[in-house]
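Below: the structure, in structure tokens.
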Amino acid sequence: MGASGRWDGLRIVLPKGRVLGEALQLLRAARIGVPPEEEDSRRLIIDVGREASGAVGAPLQFILAKPVDVPIYVEDGAADLGIVGKDVLLELERDVYELLDLGIGACRLSVAGLGAPLPPTRSMPRVATKYPRTARRFFAARGEQVEIIALSGSIELAPLLGLAERIVDIVSTGRTLRENGLREFEVIAPITSRLIANRASLRLKADAVGRFQAALAAVVSSAGGTAGAPAASPAAERGGPVARPDFAGDGARRGAADGAGVRPESAGDGAVLGRPFGR
């Protein structure tokens with residue numbers, strides 16, 4: 001407890017799944033003593049005492065949650081900080097501060113499909129995705145009318161079964177696309193994990209939040225400045241242009257002093273890698 005009687009620690013939400021291991025490695029590199037056995041534990045709450053928090057100098061409590069729920073916990077004040085992918089921030093548009101690009105969980109959000117021309121009878125192309133809001137903004141910014149089909153998994157099946165002509169999904173190596181005969185047409189946004197903060201926590205726990213952010217920033221910087229670098233896309237490997245729509249990247253406001261949260265803008269004037277609908 002602090003002098004005021006209020007708990008002076010930080011509660012941080014971590015994403016369960018593929019990025020968790022990288023997040024824990026980052027925390028340990030910042031000398032934050034998360035016990036190694038927690039990686040294989042089923043516990044959802046991990047307590048780290050003040051003496052094990054390194055330069056943060058405050059008790060820490062880590063919460064493990066589904067990635068899509070991380071910004072919800074942070075916005076609503078159930079947690080002070082969170083680590084979450086940029087894809088989730090773009091899709092949910094929650095009112096949180098984006099403090100730091102951690103450079104982990106690197107991948108890209110892309111448009112893909114079979115590569116065949118659209119059927120002549122199809123007046124409005126169908127796009128299957130786990131990111132309906134992001135996809136809708138992206139195509140609207142380009143002036144393209146599409147029908148969005150929201151799915152929760154195995155998005156690659158949609159064009160194979162005729163449910164949709166194109167998909168919008170996360171791509172890491174592209175292996176899943178290739179093994180299912182699909183082609184990546186266009187990169188909507190490079191994706192990495194970000195450190196986000198609750199608005200009130202930035203004011204009420206400014207010192208502890210600042211020390212936590214600085215500890216992670218020092219590790220990210222020492223890693224060679226890779227934070228924010230996009231995963232290699234097919235165009236990058238060919239030496240061609242990589243799409244950089246403003247709404248999906250630099251257009252997001254990152255904790256500005258005016259109090260605005262993460263609110264990606266739908267400008268969408270990025271370079272085009274290919275016509276996603278074969279036109």
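Labeling convention for the structure tokens: chains A, B, ... as they appear, residues from 1 per chain, ligands from 1 in order of appearance.
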Test item: residues at most 10 Å from Ile196 (chain A), only C-alpha atoms, excluding those fewer than 6 positions along its chain, as a PDB file with C-alpha atoms, in the first residue's frame:
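Writing done, so here's around_16.pdb:
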```pdb
ATOM      1  CA  ILE A  12      -0.911  -5.668 -16.468  1.00  0.00           C
ATOM      2  CA  VAL A  13      -2.913  -7.853 -18.863  1.00  0.00           C
ATOM      3  CA  VAL A  70      -6.864  -7.172 -23.352  1.00  0.00           C
ATOM      4  CA  PRO A  71      -7.897  -3.638 -24.450  1.00  0.00           C
ATOM      5  CA  VAL A  74      -7.459  -1.766 -19.878  1.00  0.00           C
ATOM      6  CA  GLU A  75     -10.101   0.671 -21.108  1.00  0.00           C
ATOM      7  CA  ASP A  80      -3.549  -0.371 -15.758  1.00  0.00           C
ATOM      8  CA  LEU A  81      -1.530  -1.674 -18.702  1.00  0.00           C
ATOM      9  CA  GLY A  82      -1.736  -4.346 -21.360  1.00  0.00           C
ATOM     10  CA  ILE A  83       0.244  -5.985 -24.130  1.00  0.00           C
ATOM     11  CA  VAL A  84      -1.768  -6.584 -27.292  1.00  0.00           C
ATOM     12  CA  GLY A  85      -1.352  -6.857 -31.049  1.00  0.00           C
ATOM     13  CA  LEU A  89      -6.347  -2.328 -31.532  1.00  0.00           C
ATOM     14  CA  VAL A  96      -6.667   3.386 -24.594  1.00  0.00           C
ATOM     15  CA  TYR A  97      -3.222   4.945 -24.881  1.00  0.00           C
ATOM     16  CA  GLU A  98      -0.693   3.204 -27.095  1.00  0.00           C
ATOM     17  CA  LEU A  99       2.607   3.773 -25.285  1.00  0.00           C
ATOM     18  CA  LEU A 100       5.199   1.608 -27.005  1.00  0.00           C
ATOM     19  CA  ASP A 101       5.747  -0.647 -30.004  1.00  0.00           C
ATOM     20  CA  GLN A 213       7.446   1.688 -19.933  1.00  0.00           C
ATOM     21  CA  ARG A 254      -0.493   7.261 -29.641  1.00  0.00           C
ATOM     22  CA  GLY A 255      -1.408   8.730 -26.276  1.00  0.00           C
ATOM     23  CA  GLY A 261      -6.916   7.281 -27.203  1.00  0.00           C
ATOM     24  CA  VAL A 262      -6.006   4.874 -29.961  1.00  0.00           C
TER      25      VAL A 262
END
```
### Task
Using backbone DSSP assignments, extract all helix (DSSP H, G or I) residues from region 32-176 of chain A; output them as a ChimeraX atom specification.
/A:36-40,50-52,54-56,67-75,86-92,132-141,157-160,175-176
For the residues selected in the previous step, produce a file with C-alpha atoms as a PDB file, in the first residue's frame.
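This went into again.pdb:
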```
ATOM      1  CA  PRO A  36       9.784 -19.292 -15.299  1.00  0.00           C
ATOM      2  CA  GLU A  37       7.303 -21.987 -14.279  1.00  0.00           C
ATOM      3  CA  GLU A  38       4.420 -19.636 -15.073  1.00  0.00           C
ATOM      4  CA  GLU A  39       4.773 -20.349 -18.805  1.00  0.00           C
ATOM      5  CA  ASP A  40       3.371 -23.851 -18.275  1.00  0.00           C
ATOM      6  CA  ARG A  50       8.090  -5.078  -5.293  1.00  0.00           C
ATOM      7  CA  GLU A  51      11.517  -6.617  -4.673  1.00  0.00           C
ATOM      8  CA  ALA A  52      11.271  -8.646  -7.910  1.00  0.00           C
ATOM      9  CA  GLY A  54      13.360  -4.423 -10.983  1.00  0.00           C
ATOM     10  CA  ALA A  55      13.478  -0.756 -11.942  1.00  0.00           C
ATOM     11  CA  VAL A  56       9.679  -0.505 -11.758  1.00  0.00           C
ATOM     12  CA  PRO A  67      -5.858 -11.150 -26.829  1.00  0.00           C
ATOM     13  CA  VAL A  68      -9.181  -9.677 -27.948  1.00  0.00           C
ATOM     14  CA  ASP A  69     -10.095  -8.977 -24.306  1.00  0.00           C
ATOM     15  CA  VAL A  70      -6.864  -7.172 -23.352  1.00  0.00           C
ATOM     16  CA  PRO A  71      -7.897  -3.638 -24.450  1.00  0.00           C
ATOM     17  CA  ILE A  72     -11.313  -4.099 -22.833  1.00  0.00           C
ATOM     18  CA  TYR A  73      -9.756  -4.763 -19.420  1.00  0.00           C
ATOM     19  CA  VAL A  74      -7.459  -1.766 -19.878  1.00  0.00           C
ATOM     20  CA  GLU A  75     -10.101   0.671 -21.108  1.00  0.00           C
ATOM     21  CA  LYS A  86      -1.933  -3.876 -33.303  1.00  0.00           C
ATOM     22  CA  ASP A  87      -4.503  -5.962 -35.196  1.00  0.00           C
ATOM     23  CA  VAL A  88      -6.720  -6.079 -32.099  1.00  0.00           C
ATOM     24  CA  LEU A  89      -6.347  -2.328 -31.532  1.00  0.00           C
ATOM     25  CA  LEU A  90      -7.310  -1.574 -35.123  1.00  0.00           C
ATOM     26  CA  GLU A  91     -10.359  -3.811 -34.966  1.00  0.00           C
ATOM     27  CA  LEU A  92     -11.741  -2.811 -31.562  1.00  0.00           C
ATOM     28  CA  PRO A 132     -14.799  -7.184 -40.121  1.00  0.00           C
ATOM     29  CA  ARG A 133     -14.474  -3.564 -38.978  1.00  0.00           C
ATOM     30  CA  THR A 134     -10.884  -3.204 -40.174  1.00  0.00           C
ATOM     31  CA  ALA A 135     -11.671  -4.844 -43.508  1.00  0.00           C
ATOM     32  CA  ARG A 136     -14.754  -2.682 -44.027  1.00  0.00           C
ATOM     33  CA  ARG A 137     -12.786   0.514 -43.346  1.00  0.00           C
ATOM     34  CA  PHE A 138      -9.961  -0.568 -45.629  1.00  0.00           C
ATOM     35  CA  PHE A 139     -12.132  -1.284 -48.667  1.00  0.00           C
ATOM     36  CA  ALA A 140     -14.386   1.726 -48.031  1.00  0.00           C
ATOM     37  CA  ALA A 141     -11.319   3.987 -48.033  1.00  0.00           C
ATOM     38  CA  LEU A 157     -11.446 -22.260 -45.937  1.00  0.00           C
ATOM     39  CA  ALA A 158     -13.755 -19.496 -47.180  1.00  0.00           C
ATOM     40  CA  PRO A 159     -12.373 -19.138 -50.741  1.00  0.00           C
ATOM     41  CA  LEU A 160     -11.739 -22.886 -51.010  1.00  0.00           C
ATOM     42  CA  ARG A 175       2.997 -21.118 -45.371  1.00  0.00           C
ATOM     43  CA  THR A 176      -0.680 -21.754 -44.576  1.00  0.00           C
TER      44      THR A 176
END
```
### Task
Have a look at CA of Glu179 (chain A) and CA of Lys130 (chain A) and let me know their distance in Å, one decimal.
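So the answer is 20.2 Å.
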### Message
Run DSSP on the backbone and tell me which residues of region 9-130 of chain A come out as strand (DSSP E); list them as a PyMOL selection string.
### Response
chain A and resi 10-15+45-48+60-65+81-85+97-101+107-113+126-129
Emit the selected residues as a PDB file, in the first residue's frame, including C-alpha atoms.
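As written to disk, selection.pdb reads:
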```pdb
ATOM      1  CA  LEU A  10       0.381  -2.063 -11.434  1.00  0.00           C
ATOM      2  CA  ARG A  11      -1.982  -4.600 -12.962  1.00  0.00           C
ATOM      3  CA  ILE A  12      -0.911  -5.668 -16.468  1.00  0.00           C
ATOM      4  CA  VAL A  13      -2.913  -7.853 -18.863  1.00  0.00           C
ATOM      5  CA  LEU A  14      -0.900 -10.263 -21.012  1.00  0.00           C
ATOM      6  CA  PRO A  15      -2.278 -12.049 -24.094  1.00  0.00           C
ATOM      7  CA  ILE A  45      -3.114 -14.218 -12.149  1.00  0.00           C
ATOM      8  CA  ILE A  46       0.625 -13.922 -11.451  1.00  0.00           C
ATOM      9  CA  ASP A  47       1.865 -11.755  -8.586  1.00  0.00           C
ATOM     10  CA  VAL A  48       5.353 -10.240  -8.628  1.00  0.00           C
ATOM     11  CA  LEU A  60       2.996  -6.066 -10.132  1.00  0.00           C
ATOM     12  CA  GLN A  61       0.065  -8.307 -10.932  1.00  0.00           C
ATOM     13  CA  PHE A  62      -0.100  -9.953 -14.354  1.00  0.00           C
ATOM     14  CA  ILE A  63      -3.442 -11.139 -15.735  1.00  0.00           C
ATOM     15  CA  LEU A  64      -3.619 -13.683 -18.565  1.00  0.00           C
ATOM     16  CA  ALA A  65      -6.519 -13.098 -20.960  1.00  0.00           C
ATOM     17  CA  LEU A  81      -1.530  -1.674 -18.702  1.00  0.00           C
ATOM     18  CA  GLY A  82      -1.736  -4.346 -21.360  1.00  0.00           C
ATOM     19  CA  ILE A  83       0.244  -5.985 -24.130  1.00  0.00           C
ATOM     20  CA  VAL A  84      -1.768  -6.584 -27.292  1.00  0.00           C
ATOM     21  CA  GLY A  85      -1.352  -6.857 -31.049  1.00  0.00           C
ATOM     22  CA  TYR A  97      -3.222   4.945 -24.881  1.00  0.00           C
ATOM     23  CA  GLU A  98      -0.693   3.204 -27.095  1.00  0.00           C
ATOM     24  CA  LEU A  99       2.607   3.773 -25.285  1.00  0.00           C
ATOM     25  CA  LEU A 100       5.199   1.608 -27.005  1.00  0.00           C
ATOM     26  CA  ASP A 101       5.747  -0.647 -30.004  1.00  0.00           C
ATOM     27  CA  CYS A 107       3.256 -10.441 -38.672  1.00  0.00           C
ATOM     28  CA  ARG A 108       1.014  -8.610 -41.142  1.00  0.00           C
ATOM     29  CA  LEU A 109      -2.675  -8.176 -41.889  1.00  0.00           C
ATOM     30  CA  SER A 110      -3.224  -9.006 -45.544  1.00  0.00           C
ATOM     31  CA  VAL A 111      -5.742  -9.538 -48.322  1.00  0.00           C
ATOM     32  CA  ALA A 112      -5.477 -13.005 -49.867  1.00  0.00           C
ATOM     33  CA  GLY A 113      -7.412 -15.369 -52.083  1.00  0.00           C
ATOM     34  CA  ARG A 126     -17.345 -11.257 -50.592  1.00  0.00           C
ATOM     35  CA  VAL A 127     -14.537 -10.960 -48.052  1.00  0.00           C
ATOM     36  CA  ALA A 128     -14.266 -13.391 -45.127  1.00  0.00           C
ATOM     37  CA  THR A 129     -12.359 -12.249 -42.050  1.00  0.00           C
TER      38      THR A 129
END
```
#### Entry: Nearest residue to Ala208 (chain A) from the set A:Ile149, A:Leu114, A:Ala58, A:Ala223 (distances using only C-alpha atoms)
A:Ala58
## Note on the structure
Of A:Gly49, A:Gly77, A:Gly105, A:Gly153, the one nearest to Ala23 (chain A) when counting only C-alpha atoms is A:Gly105
### Task
Have a look at CA of Val171 (chain A) and CA of Ser154 (chain A) and let me know their distance in Å, one decimal.
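Atom-to-atom, CA of Val171 (chain A) and CA of Ser154 (chain A) are spaced 12.5 Å apart.
Take CA of Leu195 (chain A) and CA of Glu93 (chain A): the distance between them is 14.8 Å.
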Distance query Leu204 (chain A) at most 12 Å, only C-alpha atoms, self and fewer than 5 positions along chain excluded, as a PDB file with C-alpha atoms, in the first residue's frame:
```pdb
ATOM      1  CA  SER A   4      -2.600   7.137   0.896  1.00  0.00           C
ATOM      2  CA  ARG A   6      -4.331   2.832  -1.963  1.00  0.00           C
ATOM      3  CA  TRP A   7      -2.520  -0.096  -3.614  1.00  0.00           C
ATOM      4  CA  ASP A   8       0.373   1.453  -5.518  1.00  0.00           C
ATOM      5  CA  GLY A   9       1.107  -1.513  -7.759  1.00  0.00           C
ATOM      6  CA  LEU A  10       0.381  -2.063 -11.434  1.00  0.00           C
ATOM      7  CA  GLY A  77      -9.829   0.186 -15.618  1.00  0.00           C
ATOM      8  CA  ASP A  80      -3.549  -0.371 -15.758  1.00  0.00           C
ATOM      9  CA  ALA A 197      -2.401   2.061 -20.875  1.00  0.00           C
ATOM     10  CA  ASN A 198      -5.605   3.081 -19.160  1.00  0.00           C
ATOM     11  CA  ARG A 199      -6.238   6.842 -19.290  1.00  0.00           C
ATOM     12  CA  VAL A 209       3.721   3.437 -15.439  1.00  0.00           C
ATOM     13  CA  GLY A 210       6.645   5.547 -16.637  1.00  0.00           C
TER      14      GLY A 210
END
```
